[in-house]
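**Student:** So I've got this file, data_29.cif, and it contains mmCIF, N, CA and C atoms:
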data_target
loop_
_atom_site.label_atom_id
_atom_site.label_comp_id
_atom_site.auth_asym_id
_atom_site.auth_seq_id
_atom_site.Cartn_x
_atom_site.Cartn_y
_atom_site.Cartn_z
N SER A 23 109.86 56.15 163.00
CA SER A 23 108.42 56.33 162.90
C SER A 23 107.78 55.01 162.48
N HIS A 24 106.68 54.68 163.11
CA HIS A 24 105.86 53.53 162.71
C HIS A 24 104.48 54.05 162.37
N ILE A 25 103.91 53.52 161.30
CA ILE A 25 102.60 53.94 160.85
C ILE A 25 101.67 52.74 160.89
N LEU A 26 100.47 52.95 161.42
CA LEU A 26 99.44 51.92 161.48
C LEU A 26 98.25 52.39 160.65
N ILE A 27 97.93 51.63 159.63
CA ILE A 27 96.78 51.95 158.78
C ILE A 27 95.60 51.11 159.26
N VAL A 28 94.49 51.79 159.49
CA VAL A 28 93.27 51.16 159.99
C VAL A 28 92.21 51.22 158.89
N ASN A 29 91.45 50.14 158.77
CA ASN A 29 90.33 50.06 157.83
C ASN A 29 89.18 49.44 158.61
N LYS A 30 88.17 50.21 158.90
CA LYS A 30 87.06 49.77 159.74
C LYS A 30 87.62 49.36 161.09
N GLU A 31 87.52 48.12 161.47
CA GLU A 31 88.03 47.67 162.76
C GLU A 31 89.26 46.78 162.60
N LYS A 32 89.94 46.89 161.46
CA LYS A 32 91.11 46.05 161.21
C LYS A 32 92.35 46.91 161.04
N LEU A 33 93.49 46.30 161.30
CA LEU A 33 94.78 46.96 161.23
C LEU A 33 95.63 46.31 160.15
N LEU A 34 96.24 47.13 159.30
CA LEU A 34 97.08 46.63 158.22
C LEU A 34 98.48 46.33 158.74
N LEU A 35 98.94 45.10 158.54
CA LEU A 35 100.31 44.72 158.86
C LEU A 35 101.04 44.40 157.57
N GLN A 36 102.34 44.58 157.59
CA GLN A 36 103.15 44.19 156.45
C GLN A 36 104.08 43.07 156.84
N LYS A 37 104.32 42.18 155.89
CA LYS A 37 105.32 41.13 156.05
C LYS A 37 106.55 41.57 155.28
N ARG A 38 107.67 41.63 155.98
CA ARG A 38 108.90 42.16 155.40
C ARG A 38 109.49 41.21 154.36
N SER A 39 110.14 41.80 153.39
CA SER A 39 110.82 41.03 152.34
C SER A 39 111.89 40.14 152.97
N LYS A 40 112.18 39.06 152.30
CA LYS A 40 113.20 38.12 152.79
C LYS A 40 114.62 38.66 152.62
N THR A 41 114.78 39.83 151.98
CA THR A 41 116.10 40.41 151.76
C THR A 41 116.49 41.43 152.84
N LEU A 42 115.60 41.71 153.78
CA LEU A 42 115.84 42.74 154.80
C LEU A 42 116.22 42.13 156.14
N GLN A 43 116.66 43.01 157.07
CA GLN A 43 116.81 42.58 158.45
C GLN A 43 115.44 42.12 158.94
N TYR A 44 115.38 41.09 159.72
CA TYR A 44 114.13 40.45 160.15
C TYR A 44 113.33 39.97 158.94
N PRO A 45 113.93 39.15 158.10
CA PRO A 45 113.26 38.69 156.87
C PRO A 45 112.00 37.87 157.16
N GLY A 46 110.92 38.21 156.47
CA GLY A 46 109.66 37.49 156.62
C GLY A 46 108.92 37.76 157.92
N PHE A 47 109.40 38.70 158.71
CA PHE A 47 108.73 39.04 159.97
C PHE A 47 107.58 40.01 159.69
N TRP A 48 106.57 39.96 160.54
CA TRP A 48 105.48 40.92 160.49
C TRP A 48 105.90 42.20 161.18
N THR A 49 105.35 43.32 160.72
CA THR A 49 105.64 44.62 161.33
C THR A 49 104.46 45.56 161.11
N SER A 50 104.62 46.79 161.51
CA SER A 50 103.60 47.82 161.32
C SER A 50 103.27 47.97 159.84
N SER A 51 102.25 48.77 159.54
CA SER A 51 101.87 48.99 158.14
C SER A 51 103.04 49.54 157.34
N ALA A 52 103.81 50.43 157.93
CA ALA A 52 105.04 50.98 157.33
C ALA A 52 105.88 51.54 158.48
N SER A 53 107.18 51.63 158.27
CA SER A 53 108.05 52.17 159.30
C SER A 53 109.39 52.56 158.71
N GLY A 54 110.12 53.40 159.43
CA GLY A 54 111.45 53.76 158.97
C GLY A 54 112.08 54.79 159.88
N HIS A 55 113.36 55.00 159.64
CA HIS A 55 114.12 55.96 160.43
C HIS A 55 113.93 57.38 159.90
N VAL A 56 114.09 58.32 160.79
CA VAL A 56 114.00 59.73 160.45
C VAL A 56 115.31 60.15 159.79
N ASP A 57 115.21 60.75 158.61
CA ASP A 57 116.40 61.26 157.91
C ASP A 57 116.79 62.62 158.49
N ALA A 58 118.03 63.02 158.24
CA ALA A 58 118.52 64.33 158.66
C ALA A 58 117.60 65.41 158.12
N GLY A 59 117.19 66.33 158.99
CA GLY A 59 116.34 67.43 158.58
C GLY A 59 114.86 67.13 158.62
N GLU A 60 114.47 65.89 158.89
CA GLU A 60 113.06 65.51 158.96
C GLU A 60 112.57 65.53 160.40
N ASP A 61 111.26 65.67 160.55
CA ASP A 61 110.65 65.40 161.84
C ASP A 61 109.98 64.02 161.73
N TYR A 62 109.45 63.52 162.83
CA TYR A 62 108.87 62.17 162.83
C TYR A 62 107.70 62.03 161.87
N GLU A 63 106.84 63.04 161.81
CA GLU A 63 105.67 62.94 160.94
C GLU A 63 106.06 62.97 159.46
N THR A 64 107.03 63.79 159.12
CA THR A 64 107.51 63.83 157.73
C THR A 64 108.09 62.47 157.34
N ALA A 65 108.87 61.88 158.24
CA ALA A 65 109.42 60.54 157.98
C ALA A 65 108.30 59.52 157.83
N ALA A 66 107.27 59.62 158.65
CA ALA A 66 106.16 58.67 158.58
C ALA A 66 105.45 58.78 157.23
N ARG A 67 105.20 59.99 156.77
CA ARG A 67 104.54 60.19 155.47
C ARG A 67 105.40 59.64 154.33
N ARG A 68 106.70 59.89 154.41
CA ARG A 68 107.63 59.41 153.38
C ARG A 68 107.65 57.88 153.34
N GLU A 69 107.78 57.26 154.50
CA GLU A 69 107.84 55.80 154.56
C GLU A 69 106.54 55.15 154.10
N LEU A 70 105.41 55.75 154.44
CA LEU A 70 104.12 55.22 154.01
C LEU A 70 104.04 55.19 152.49
N MET A 71 104.48 56.26 151.85
CA MET A 71 104.45 56.33 150.39
C MET A 71 105.49 55.38 149.79
N GLU A 72 106.69 55.34 150.34
CA GLU A 72 107.75 54.48 149.80
C GLU A 72 107.41 53.01 149.90
N GLU A 73 106.90 52.57 151.05
CA GLU A 73 106.71 51.14 151.30
C GLU A 73 105.41 50.58 150.75
N ILE A 74 104.30 51.32 150.91
CA ILE A 74 103.02 50.75 150.45
C ILE A 74 102.27 51.65 149.47
N GLY A 75 102.91 52.74 149.05
CA GLY A 75 102.40 53.54 147.95
C GLY A 75 101.13 54.32 148.19
N VAL A 76 100.90 54.77 149.43
CA VAL A 76 99.70 55.56 149.71
C VAL A 76 100.04 56.78 150.56
N ALA A 77 99.18 57.77 150.46
CA ALA A 77 99.23 58.93 151.34
C ALA A 77 97.96 58.89 152.18
N ALA A 78 98.07 59.27 153.43
CA ALA A 78 96.91 59.29 154.32
C ALA A 78 97.12 60.38 155.36
N GLU A 79 96.02 60.91 155.85
CA GLU A 79 96.12 61.85 156.96
C GLU A 79 96.58 61.04 158.18
N LEU A 80 97.64 61.49 158.83
CA LEU A 80 98.20 60.77 159.97
C LEU A 80 98.00 61.56 161.24
N MET A 81 97.64 60.83 162.28
CA MET A 81 97.46 61.41 163.61
C MET A 81 98.48 60.76 164.54
N PRO A 82 99.17 61.56 165.37
CA PRO A 82 100.08 60.96 166.34
C PRO A 82 99.28 60.15 167.36
N ALA A 83 99.79 58.96 167.70
CA ALA A 83 99.09 58.08 168.64
C ALA A 83 99.81 57.99 169.98
N PHE A 84 101.08 57.60 169.96
CA PHE A 84 101.86 57.48 171.19
C PHE A 84 103.33 57.31 170.84
N VAL A 85 104.17 57.35 171.86
CA VAL A 85 105.61 57.20 171.70
C VAL A 85 106.06 56.07 172.62
N VAL A 86 106.93 55.20 172.11
CA VAL A 86 107.51 54.12 172.92
C VAL A 86 109.02 54.11 172.73
N ARG A 87 109.71 53.53 173.69
CA ARG A 87 111.15 53.35 173.58
C ARG A 87 111.42 51.87 173.33
N LYS A 88 112.29 51.62 172.35
CA LYS A 88 112.69 50.24 172.06
C LYS A 88 114.16 50.11 172.42
N PHE A 89 114.46 49.20 173.31
CA PHE A 89 115.84 48.91 173.67
C PHE A 89 116.02 47.40 173.62
N THR A 90 116.81 46.92 172.67
CA THR A 90 116.99 45.47 172.51
C THR A 90 118.41 45.03 172.84
N GLY A 91 119.25 45.93 173.28
CA GLY A 91 120.66 45.60 173.47
C GLY A 91 121.46 46.08 172.28
N LYS A 92 120.89 45.92 171.07
CA LYS A 92 121.51 46.44 169.85
C LYS A 92 120.97 47.82 169.52
N ASP A 93 119.68 48.00 169.74
CA ASP A 93 118.99 49.22 169.35
C ASP A 93 118.49 49.96 170.58
N ASN A 94 118.54 51.28 170.50
CA ASN A 94 117.94 52.13 171.51
C ASN A 94 117.23 53.23 170.74
N GLU A 95 115.93 53.07 170.53
CA GLU A 95 115.18 53.97 169.66
C GLU A 95 113.97 54.54 170.38
N LEU A 96 113.65 55.77 170.02
CA LEU A 96 112.41 56.39 170.42
C LEU A 96 111.50 56.32 169.21
N ILE A 97 110.38 55.60 169.33
CA ILE A 97 109.48 55.35 168.20
C ILE A 97 108.21 56.18 168.37
N HIS A 98 107.96 57.02 167.36
CA HIS A 98 106.70 57.76 167.32
C HIS A 98 105.74 56.98 166.44
N VAL A 99 104.56 56.69 166.98
CA VAL A 99 103.56 55.88 166.28
C VAL A 99 102.46 56.80 165.77
N PHE A 100 102.14 56.65 164.47
CA PHE A 100 101.09 57.43 163.83
C PHE A 100 100.02 56.48 163.31
N VAL A 101 98.78 56.99 163.23
CA VAL A 101 97.66 56.21 162.75
C VAL A 101 96.98 56.96 161.61
N GLY A 102 96.62 56.19 160.56
CA GLY A 102 95.87 56.75 159.45
C GLY A 102 94.84 55.75 158.97
N ARG A 103 93.93 56.21 158.14
CA ARG A 103 92.91 55.33 157.57
C ARG A 103 93.11 55.27 156.06
N HIS A 104 93.00 54.05 155.52
CA HIS A 104 93.10 53.87 154.07
C HIS A 104 92.54 52.50 153.72
N ASP A 105 91.86 52.43 152.58
CA ASP A 105 91.28 51.18 152.11
C ASP A 105 92.11 50.50 151.04
N GLY A 106 93.20 51.14 150.59
CA GLY A 106 93.97 50.61 149.48
C GLY A 106 93.38 51.09 148.18
N PRO A 107 93.84 50.61 147.07
CA PRO A 107 94.85 49.56 146.95
C PRO A 107 96.23 50.06 147.37
N PHE A 108 97.10 49.11 147.66
CA PHE A 108 98.45 49.40 148.10
C PHE A 108 99.43 48.97 147.02
N GLU A 109 100.46 49.78 146.84
CA GLU A 109 101.49 49.50 145.85
C GLU A 109 102.79 49.21 146.61
N LEU A 110 103.15 47.96 146.71
CA LEU A 110 104.26 47.54 147.56
C LEU A 110 105.60 47.73 146.86
N ASN A 111 106.61 48.17 147.64
CA ASN A 111 107.95 48.23 147.08
C ASN A 111 108.70 46.94 147.42
N GLY A 112 109.95 46.85 147.06
CA GLY A 112 110.73 45.62 147.26
C GLY A 112 111.01 45.27 148.70
N GLU A 113 110.74 46.18 149.64
CA GLU A 113 110.95 45.89 151.07
C GLU A 113 109.80 45.10 151.66
N VAL A 114 108.68 45.05 150.96
CA VAL A 114 107.44 44.48 151.50
C VAL A 114 107.04 43.25 150.71
N GLU A 115 106.92 42.11 151.40
CA GLU A 115 106.46 40.88 150.74
C GLU A 115 104.96 40.93 150.49
N LYS A 116 104.21 41.34 151.53
CA LYS A 116 102.75 41.46 151.38
C LYS A 116 102.21 42.30 152.52
N VAL A 117 100.97 42.76 152.35
CA VAL A 117 100.23 43.44 153.42
C VAL A 117 98.88 42.76 153.57
N GLU A 118 98.37 42.82 154.79
CA GLU A 118 97.08 42.17 155.06
C GLU A 118 96.43 42.84 156.27
N PHE A 119 95.10 43.00 156.23
CA PHE A 119 94.35 43.53 157.36
C PHE A 119 94.02 42.40 158.33
N PHE A 120 94.13 42.71 159.64
CA PHE A 120 93.83 41.76 160.71
C PHE A 120 93.01 42.44 161.80
N THR A 121 92.15 41.68 162.46
CA THR A 121 91.47 42.18 163.64
C THR A 121 92.46 42.17 164.81
N LEU A 122 92.12 42.90 165.86
CA LEU A 122 92.99 42.89 167.04
C LEU A 122 93.04 41.51 167.69
N ASP A 123 91.95 40.76 167.64
CA ASP A 123 91.97 39.39 168.17
C ASP A 123 92.94 38.52 167.38
N GLU A 124 92.93 38.67 166.05
CA GLU A 124 93.88 37.91 165.22
C GLU A 124 95.31 38.30 165.52
N ILE A 125 95.55 39.59 165.71
CA ILE A 125 96.91 40.05 166.03
C ILE A 125 97.35 39.52 167.39
N LYS A 126 96.44 39.52 168.35
CA LYS A 126 96.77 38.98 169.68
C LYS A 126 97.23 37.53 169.56
N GLU A 127 96.52 36.72 168.77
CA GLU A 127 96.92 35.33 168.55
C GLU A 127 98.26 35.25 167.83
N MET A 128 98.45 36.09 166.82
CA MET A 128 99.70 36.10 166.05
C MET A 128 100.90 36.43 166.94
N LEU A 129 100.71 37.32 167.90
CA LEU A 129 101.82 37.70 168.78
C LEU A 129 102.34 36.51 169.58
N ASN A 130 101.51 35.48 169.74
CA ASN A 130 101.94 34.28 170.47
C ASN A 130 102.73 33.31 169.61
N GLY A 131 102.64 33.41 168.28
CA GLY A 131 103.30 32.40 167.47
C GLY A 131 104.07 32.89 166.26
N GLN A 132 103.74 34.07 165.77
CA GLN A 132 104.39 34.59 164.57
C GLN A 132 105.62 35.43 164.94
N ASN A 133 106.52 35.57 163.97
CA ASN A 133 107.67 36.44 164.15
C ASN A 133 107.28 37.89 163.86
N PHE A 134 107.61 38.78 164.80
CA PHE A 134 107.40 40.21 164.66
C PHE A 134 108.72 40.92 164.91
N THR A 135 108.94 42.05 164.24
CA THR A 135 110.12 42.85 164.54
C THR A 135 109.99 43.34 165.99
N PRO A 136 111.13 43.59 166.66
CA PRO A 136 111.04 43.99 168.07
C PRO A 136 110.18 45.24 168.32
N GLY A 137 110.34 46.26 167.50
CA GLY A 137 109.56 47.48 167.67
C GLY A 137 108.08 47.26 167.48
N SER A 138 107.73 46.50 166.45
CA SER A 138 106.31 46.26 166.19
C SER A 138 105.69 45.38 167.28
N ARG A 139 106.44 44.48 167.85
CA ARG A 139 105.92 43.64 168.94
C ARG A 139 105.54 44.52 170.14
N ILE A 140 106.39 45.50 170.46
CA ILE A 140 106.11 46.42 171.56
C ILE A 140 104.84 47.22 171.25
N ILE A 141 104.78 47.77 170.04
CA ILE A 141 103.64 48.61 169.63
C ILE A 141 102.35 47.81 169.61
N LEU A 142 102.36 46.65 168.97
CA LEU A 142 101.13 45.86 168.84
C LEU A 142 100.67 45.29 170.17
N SER A 143 101.59 44.95 171.04
CA SER A 143 101.20 44.47 172.37
C SER A 143 100.47 45.57 173.14
N ARG A 144 100.93 46.80 172.99
CA ARG A 144 100.24 47.91 173.66
C ARG A 144 98.85 48.10 173.06
N ILE A 145 98.74 48.05 171.74
CA ILE A 145 97.45 48.28 171.08
C ILE A 145 96.45 47.18 171.44
N VAL A 146 96.89 45.94 171.48
CA VAL A 146 95.99 44.84 171.84
C VAL A 146 95.45 45.05 173.25
N GLY A 147 96.29 45.56 174.15
CA GLY A 147 95.85 45.79 175.52
C GLY A 147 95.09 47.09 175.72
N GLU A 148 95.27 48.03 174.80
CA GLU A 148 94.66 49.36 174.93
C GLU A 148 94.30 49.90 173.55
N PRO A 149 93.31 49.30 172.88
CA PRO A 149 92.96 49.68 171.50
C PRO A 149 92.57 51.15 171.33
N SER A 150 92.14 51.80 172.40
CA SER A 150 91.73 53.20 172.28
C SER A 150 92.87 54.12 171.90
N VAL A 151 94.14 53.69 172.10
CA VAL A 151 95.27 54.56 171.76
C VAL A 151 95.36 54.80 170.25
N ILE A 152 94.69 53.94 169.45
CA ILE A 152 94.65 54.18 168.00
C ILE A 152 93.21 54.35 167.51
N GLY A 153 92.30 54.58 168.42
CA GLY A 153 90.93 54.85 168.05
C GLY A 153 90.08 53.64 167.72
N LEU A 154 90.48 52.46 168.18
CA LEU A 154 89.66 51.25 167.98
C LEU A 154 88.91 50.89 169.23
#
Let me see whether you can do it: turn the structure in this file into structure tokens.
**Tutor:**
Amino acid sequence: SHILIVNKEKLLLQKRSKTLQYPGFWTSSASGHVDAGEDYETAARRELMEEIGVAAELMPAFVVRKFTGKDNELIHVFVGRHDGPFELNGEVEKVEFFTLDEIKEMLNGQNFTPGSRIILSRIVGEPSVIGL
């Protein structure tokens, strides 16, 4: 599950801790794998609280498949609104709101996790999928 937090016309991205896989890479507002017995939305709510310390009403946005040679995942993307403040756990170096134009530029030069690159590329090309 990947969660995208929107505030006005900006999207919250997180920069991953240097101790994780893809250290220092940008990714969705929060994300994580579905645990045994969970559905995608339950996992999304759990990850949102664990990683950035907030609860928000989440709406399903779309589903994408990520296949990198190492990973073959079905990613359910959820969208919520929140203004913060955010309480980051040790997996998150920082969070920051960006416009879609800023994200489009970042996709050309910044490091993004493979799943978030797929998701954000779709959103930049089709912002209506998350209500922007």
**Student:** What does the PyMOL selection byres (((chain A and resi 38 and name CA) around 8) and name CA) select in this file, as a count of residues only?
**Tutor:** 15
**Student:** Using only C-alpha atoms for the distances, tell me which of A:Ser150, A:Thr121, A:Ser23, A:Ser143 is nearest to Leu80 of chain A.
**Tutor:**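 Looking at the shortest contact to Leu80 of chain A, the residue is A:Ser23.
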**Student:** Using the chain letters and numbers from the file, which residues does the PyMOL selection byres (((chain A and resi 77 and name CA) around 12) and name CA) grab, as a list of chain:residue names?
**Tutor:**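 On the file shown, the PyMOL selection byres (((chain A and resi 77 and name CA) around 12) and name CA) covers A:Ile25, A:Ile27, A:Ala52, A:Thr64, A:Ala66, A:Arg67, A:Arg68, A:Glu69, A:Leu70, A:Met71, A:Glu72, A:Glu73, A:Ile74, A:Gly75, A:Val76, A:Ala78, A:Glu79, A:Leu80, A:Val101, A:Gly102, A:Arg103, A:His104, A:Asp105, A:Gly106, A:Pro107, A:Phe108, A:Glu109.
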**Student:** Which residue gives the smallest distance to Phe134 of chain A among A:Gly54, A:Gln43, A:Met81, A:Glu95, with only C-alpha atoms counted?
**Tutor:**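 Once distances to Phe134 of chain A are computed over only C-alpha atoms, the minimum belongs to A:Gln43.
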**Student:** I'd like the interatomic distance between atom CA of Glu148 of chain A and atom CA of Leu110 of chain A, to a tenth of an Å.
**Tutor:** 29.1 Å
**Student:** Quick one: pick out all helix (DSSP H, G or I) residues within segment 31-124 of chain A from a backbone DSSP run and write them as a list of chain:residue names.
**Tutor:**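 Of segment 31-124 of chain A, the ones in helix (DSSP H, G or I) are A:Tyr62, A:Glu63, A:Thr64, A:Ala65, A:Ala66, A:Arg67, A:Arg68, A:Glu69, A:Leu70, A:Met71, A:Glu72, A:Glu73, A:Ile74, A:Leu122, A:Asp123, A:Glu124.
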**Student:** Mind writing the picked residues with N, CA and C atoms as a compact mmCIF listing (two decimals), keeping the file's coordinate frame?
**Tutor:**
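Output file part29.txt is given in full below:
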# COMPACT_ATOMS: atom_id res chain seq x y z
N TYR A 62 109.45 63.52 162.83
CA TYR A 62 108.87 62.17 162.83
C TYR A 62 107.70 62.03 161.87
N GLU A 63 106.84 63.04 161.81
CA GLU A 63 105.67 62.94 160.94
C GLU A 63 106.06 62.97 159.46
N THR A 64 107.03 63.79 159.12
CA THR A 64 107.51 63.83 157.73
C THR A 64 108.09 62.47 157.34
N ALA A 65 108.87 61.88 158.24
CA ALA A 65 109.42 60.54 157.98
C ALA A 65 108.30 59.52 157.83
N ALA A 66 107.27 59.62 158.65
CA ALA A 66 106.16 58.67 158.58
C ALA A 66 105.45 58.78 157.23
N ARG A 67 105.20 59.99 156.77
CA ARG A 67 104.54 60.19 155.47
C ARG A 67 105.40 59.64 154.33
N ARG A 68 106.70 59.89 154.41
CA ARG A 68 107.63 59.41 153.38
C ARG A 68 107.65 57.88 153.34
N GLU A 69 107.78 57.26 154.50
CA GLU A 69 107.84 55.80 154.56
C GLU A 69 106.54 55.15 154.10
N LEU A 70 105.41 55.75 154.44
CA LEU A 70 104.12 55.22 154.01
C LEU A 70 104.04 55.19 152.49
N MET A 71 104.48 56.26 151.85
CA MET A 71 104.45 56.33 150.39
C MET A 71 105.49 55.38 149.79
N GLU A 72 106.69 55.34 150.34
CA GLU A 72 107.75 54.48 149.80
C GLU A 72 107.41 53.01 149.90
N GLU A 73 106.90 52.57 151.05
CA GLU A 73 106.71 51.14 151.30
C GLU A 73 105.41 50.58 150.75
N ILE A 74 104.30 51.32 150.91
CA ILE A 74 103.02 50.75 150.45
C ILE A 74 102.27 51.65 149.47
N LEU A 122 92.12 42.90 165.86
CA LEU A 122 92.99 42.89 167.04
C LEU A 122 93.04 41.51 167.69
N ASP A 123 91.95 40.76 167.64
CA ASP A 123 91.97 39.39 168.17
C ASP A 123 92.94 38.52 167.38
N GLU A 124 92.93 38.67 166.05
CA GLU A 124 93.88 37.91 165.22
C GLU A 124 95.31 38.30 165.52
**Student:** Tell me which residues the PyMOL selection byres (((chain A and resi 82 and name CA) around 9) and name CA) grabs here, as a PyMOL selection string.
**Tutor:** chain A and resi 63+80-81+83-85+98-101+152
**Student:** If I take atom CA of Ile97 of chain A and atom C of Leu34 of chain A, how far is one from the other in Å, to one decimal?
**Tutor:**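 Computing the Euclidean distance for atom CA of Ile97 of chain A and atom C of Leu34 of chain A yields 17.1 Å.
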**Student:** Using DSSP assignments from the backbone, pull out every residue in segment 75-138 of chain A that falls under strand (DSSP E or B) and give it to me as a ChimeraX atom specification.
**Tutor:** /A:81-89,94-103,114-120,134
**Student:** Go ahead and compute the interatomic distance for atom N of Val86 of chain A and atom N of Asp61 of chain A, in Å to one decimal.
**Tutor:** 16.2 Å
**Student:** Counting only C-alpha atoms, which of A:Gly59, A:Ala65, A:Pro149, A:Arg87 gets nearest to Leu33 of chain A?
**Tutor:**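 Going through A:Gly59, A:Ala65, A:Pro149, A:Arg87 one by one, the smallest distance to Leu33 of chain A is for A:Pro149.
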**Student:** Under the rule that only N, CA and C atoms are counted, which of A:Ile145, A:Tyr62, A:Asp57, A:Val151 is the nearest residue to Leu122 of chain A?
**Tutor:**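 Closest to Leu122 of chain A, using only N, CA and C atoms: A:Ile145.
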